[in-house]
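What follows is the content of input-v4.txt (compact mmCIF, C-alpha atoms).
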```txt
# COMPACT_ATOMS: atom_id res chain seq x y z
CA MET Z 294 66.55 25.41 64.96
CA LYS Z 295 65.05 28.86 64.60
CA LEU Z 296 62.67 30.08 67.29
CA PRO Z 297 59.30 31.47 66.22
CA LYS Z 298 59.18 35.25 65.89
CA GLU Z 299 56.60 35.45 68.69
CA ILE Z 300 59.04 33.94 71.18
CA THR Z 301 62.00 35.94 69.87
CA ASN Z 302 60.13 39.25 70.01
CA GLY Z 303 58.56 38.30 73.35
CA PHE Z 304 62.08 37.75 74.66
CA LEU Z 305 63.05 41.20 73.36
CA ILE Z 306 60.12 42.65 75.32
CA PHE Z 307 61.39 40.83 78.40
CA LEU Z 308 64.94 42.12 77.91
CA GLY Z 309 63.73 45.67 77.37
CA ILE Z 310 61.52 45.67 80.45
CA GLY Z 311 64.17 43.96 82.57
CA ILE Z 312 66.95 46.35 81.60
CA TYR Z 313 64.61 49.33 82.01
CA PHE Z 314 63.62 48.35 85.55
CA LEU Z 315 67.18 47.49 86.56
CA LEU Z 316 68.34 50.85 85.21
CA MET Z 317 65.57 52.62 87.14
CA ASN Z 318 66.68 50.80 90.27
CA VAL Z 319 70.36 51.74 89.78
CA LEU Z 320 69.46 55.39 89.12
CA GLY Z 321 67.21 55.51 92.19
CA LEU Z 322 64.07 56.18 90.17
CA ALA Z 323 62.23 52.96 91.05
CA HIS Z 324 59.98 54.77 93.52
CA LEU Z 325 58.42 56.90 90.75
CA PHE Z 326 55.33 54.90 89.83
CA TYR Z 327 54.60 56.83 86.63
CA LEU Z 328 57.97 55.72 85.19
CA ARG Z 329 56.87 52.13 85.73
CA THR Z 330 53.99 52.59 83.33
CA LEU Z 331 56.37 53.36 80.47
CA ASN Z 332 57.16 49.64 80.14
CA VAL Z 333 54.15 49.42 77.82
CA PHE Z 334 56.34 50.94 75.09
CA PHE Z 335 58.46 47.80 75.10
CA ILE Z 336 55.31 45.77 74.48
CA PHE Z 337 54.38 48.10 71.62
CA TYR Z 338 57.85 47.63 70.14
CA GLY Z 339 57.74 43.83 70.26
CA VAL Z 340 54.21 43.56 68.89
CA ASN Z 341 54.95 46.06 66.12
CA LYS Z 342 58.08 44.12 65.17
CA THR Z 343 56.11 40.86 64.97
CA MET Z 344 53.47 42.46 62.79
CA LYS Z 345 56.11 43.95 60.47
CA MET Z 346 57.74 40.53 60.17
CA ASN Z 347 54.37 38.96 59.36
CA LEU Z 348 53.74 41.51 56.63
CA HIS Z 349 57.23 41.00 55.24
CA GLU Z 350 56.54 37.25 55.07
CA GLY Z 351 53.30 37.92 53.18
CA GLU Z 352 50.96 37.02 56.03
CA THR Z 353 47.95 39.32 55.61
CA ASN Z 354 45.23 37.38 57.43
CA PHE Z 355 43.78 39.55 60.18
CA VAL Z 356 43.04 36.79 62.68
CA SER Z 357 46.37 34.98 62.39
CA ASN Z 358 48.21 38.29 62.78
CA ALA Z 359 46.13 39.17 65.84
CA VAL Z 360 46.96 35.79 67.40
CA SER Z 361 50.63 36.25 66.55
CA ALA Z 362 50.67 39.74 68.08
CA MET Z 363 48.87 38.55 71.21
CA ALA Z 364 51.25 35.60 71.59
CA THR Z 365 54.23 37.94 71.35
CA SER Z 366 52.96 40.25 74.06
CA VAL Z 367 51.90 37.42 76.38
CA VAL Z 368 55.31 35.75 76.06
CA GLY Z 369 56.99 39.06 76.92
CA VAL Z 370 54.72 39.72 79.89
CA ALA Z 371 54.97 36.16 81.23
CA LEU Z 372 58.78 36.20 81.03
CA SER Z 373 58.87 39.62 82.71
CA VAL Z 374 56.65 38.49 85.58
CA PHE Z 375 58.77 35.36 86.01
CA GLY Z 376 61.86 37.57 86.04
CA LEU Z 377 60.27 39.74 88.72
CA LEU Z 378 59.46 36.63 90.74
CA VAL Z 379 63.08 35.47 90.67
CA TYR Z 380 64.41 38.99 91.29
CA SER Z 381 62.02 39.52 94.22
CA TYR Z 382 63.16 36.36 95.97
CA ALA Z 383 66.79 37.29 95.32
CA ARG Z 384 66.22 40.71 96.91
CA GLY Z 385 64.46 39.44 100.05
CA GLY Z 386 61.10 38.00 99.04
CA ASP Z 387 58.06 39.46 100.77
CA ALA Z 388 60.10 42.26 102.39
CA TYR Z 389 61.17 43.46 98.93
CA VAL Z 390 57.60 43.27 97.58
CA LYS Z 391 56.40 45.40 100.49
CA THR Z 392 58.72 48.19 99.32
CA LEU Z 393 57.28 47.84 95.81
CA SER Z 394 53.68 47.86 96.98
CA GLU Z 395 54.24 51.08 98.96
CA THR Z 396 54.86 53.00 95.75
CA PHE Z 397 52.40 51.04 93.63
CA MET Z 398 48.64 50.89 93.86
CA PHE Z 399 48.40 47.74 95.98
CA GLY Z 400 46.49 47.53 99.21
CA GLY Z 401 47.60 45.47 102.18
CA ASN Z 402 50.76 43.43 102.30
CA PRO Z 403 50.91 41.20 99.24
CA SER Z 404 53.25 38.22 99.12
CA VAL Z 405 55.59 37.66 96.19
CA PRO Z 406 53.26 35.17 94.44
CA THR Z 407 50.22 37.40 94.97
CA TYR Z 408 52.07 40.42 93.63
CA CYS Z 409 53.29 38.49 90.59
CA ILE Z 410 49.86 37.00 89.82
CA CYS Z 411 48.28 40.46 89.99
CA LEU Z 412 50.95 41.85 87.67
CA LEU Z 413 50.44 38.90 85.32
CA PHE Z 414 46.73 39.71 85.03
CA GLU Z 415 47.52 43.39 84.55
CA GLY Z 416 50.12 42.52 81.93
CA ILE Z 417 47.74 40.26 80.02
CA ALA Z 418 45.12 43.02 80.04
CA SER Z 419 47.68 45.47 78.67
CA SER Z 420 48.67 42.85 76.09
CA VAL Z 421 45.10 42.69 74.84
CA ILE Z 422 44.89 46.48 74.68
CA VAL Z 423 48.23 46.83 72.87
CA THR Z 424 47.28 44.08 70.41
CA LEU Z 425 43.96 45.75 69.63
CA MET Z 426 45.62 49.14 69.20
CA MET Z 427 48.29 47.73 66.89
CA MET Z 428 45.70 45.82 64.87
CA LEU Z 429 43.81 49.09 64.39
CA TYR Z 430 47.04 50.80 63.38
CA TRP Z 431 47.90 48.11 60.84
CA ASN Z 432 44.24 47.59 59.80
CA ASN Z 433 44.64 48.69 56.17
CA LYS Z 434 47.40 46.12 55.62
CA TYR Z 435 45.33 43.05 56.53
CA ILE Z 436 42.50 41.15 54.91
CA ALA Z 437 39.51 41.06 57.27
CA ASP Z 438 37.40 38.54 55.35
```
Show how you would write the structure in this file as structure tokens.
Amino acid sequence: MKLPKEITNGFLIFLGIGIYFLLMNVLGLAHLFYLRTLNVFFIFYGVNKTMKMNLHEGETNFVSNAVSAMATSVVGVALSVFGLLVYSYARGGDAYVKTLSETFMFGGNPSVPTYCICLLFEGIASSVIVTLMMMLYWNNKYIAD
């Protein structure tokens, strides 16, 4: 059974983000918040790959491609947040999240679930933005009627 391209490319987004953050942690760069924002490039990669695959398959409907792109990015973000949830509990739970929130733009002392829910909403918002940007980029390839 072959998985849909949205799940496959969403999993690639998850792998890219996971490896990137683990590498930042190993290199001691995890405290640099501006490096954390570069994970959006993995979302761009996965969404772009899905849209290329759709075009290669002959799918030129604007709406179905937008839904496919959005599904890809949401799968990647959801898997990444779930991975962070598991990793946070493995590293000490709320104590680990407190070290993350010191270098991130969180106020107070968020718990692991609160931190993950906030990142999920942020990730979904970035998914919408990336999808819209990629749809504008690929606009001349799709039928809008």
Counting only C-alpha atoms, find the residues whose atoms lie at most 9 Å from (52.5, 35.3, 69.4) (file coordinates) and write them out as an mmCIF file with C-alpha atoms, in the frame of the given file.
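So part_22.cif came out as:
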```
data_model
loop_
_atom_site.group_PDB
_atom_site.id
_atom_site.type_symbol
_atom_site.label_atom_id
_atom_site.label_comp_id
_atom_site.auth_asym_id
_atom_site.auth_seq_id
_atom_site.Cartn_x
_atom_site.Cartn_y
_atom_site.Cartn_z
ATOM 1 C CA PRO Z 297 59.300 31.470 66.220
ATOM 2 C CA LYS Z 298 59.180 35.250 65.890
ATOM 3 C CA GLU Z 299 56.600 35.450 68.690
ATOM 4 C CA ILE Z 300 59.040 33.940 71.180
ATOM 5 C CA ASN Z 302 60.130 39.250 70.010
ATOM 6 C CA GLY Z 303 58.560 38.300 73.350
ATOM 7 C CA VAL Z 340 54.210 43.560 68.890
ATOM 8 C CA THR Z 343 56.110 40.860 64.970
ATOM 9 C CA ASN Z 358 48.210 38.290 62.780
ATOM 10 C CA ALA Z 359 46.130 39.170 65.840
ATOM 11 C CA VAL Z 360 46.960 35.790 67.400
ATOM 12 C CA SER Z 361 50.630 36.250 66.550
ATOM 13 C CA ALA Z 362 50.670 39.740 68.080
ATOM 14 C CA MET Z 363 48.870 38.550 71.210
ATOM 15 C CA ALA Z 364 51.250 35.600 71.590
ATOM 16 C CA THR Z 365 54.230 37.940 71.350
ATOM 17 C CA SER Z 366 52.960 40.250 74.060
ATOM 18 C CA VAL Z 367 51.900 37.420 76.380
ATOM 19 C CA VAL Z 368 55.310 35.750 76.060
#
```
inquiry  = Can you measure atom CA of Leu328 of chain Z to atom CA of Trp431 of chain Z for me? One decimal in Å is fine.
reply    = 27.4 Å
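Of the listed residues Z:Ser420, Z:Ser373, Z:Thr407, Z:Thr330, the one whose atoms come nearest to Phe304 of chain Z is Z:Ser373, with distances taken using only C-alpha atoms.
As for atom CA of Gly309 of chain Z and atom CA of Gly416 of chain Z, they are spaced 14.7 Å apart.
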task = Work out how far atom CA of Leu378 of chain Z is from atom CA of Val421 of chain Z, in Å to one decimal.
result = 22.3 Å
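Here the question is which of Z:Tyr430, Z:Leu377, Z:Ala418, Z:Gly385 gets nearest to Pro406 of chain Z using all atoms listed in the file, and that residue is Z:Leu377.
The closest residue to Ile422 of chain Z, picked from Z:Phe337, Z:Tyr313, Z:Tyr327, Z:Tyr380 and counting all atoms listed in the file, is Z:Phe337.
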task = Excluding Leu372 of chain Z and residues on its chain fewer than 3 positions from it, collect all residues at most 6 Å away from it, counting all atoms listed in the file, and give them as a PyMOL selection string.
result = chain Z and resi 307+369+375
Report, as AutoDock Vina command-line options, the centre and edge lengths in Å (one decimal) of the axis-aligned box enclosing every listed atom of segment 413-417 of chain Z, padded by 3 Å on each side.
```
--center_x 48.6 --center_y 41.1 --center_z 82.7 --size_x 9.7 --size_y 10.5 --size_z 11.3
```
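In this comparison, which uses all atoms listed in the file, the residue of Z:Phe326, Z:Tyr408, Z:Phe355, Z:Phe414 approaching Asp387 of chain Z most closely is Z:Tyr408.
With only C-alpha atoms as the atoms that count, the residue of Z:Ile336, Z:Leu429, Z:Leu296, Z:Val356 with the shortest distance to Leu308 of chain Z is Z:Ile336.
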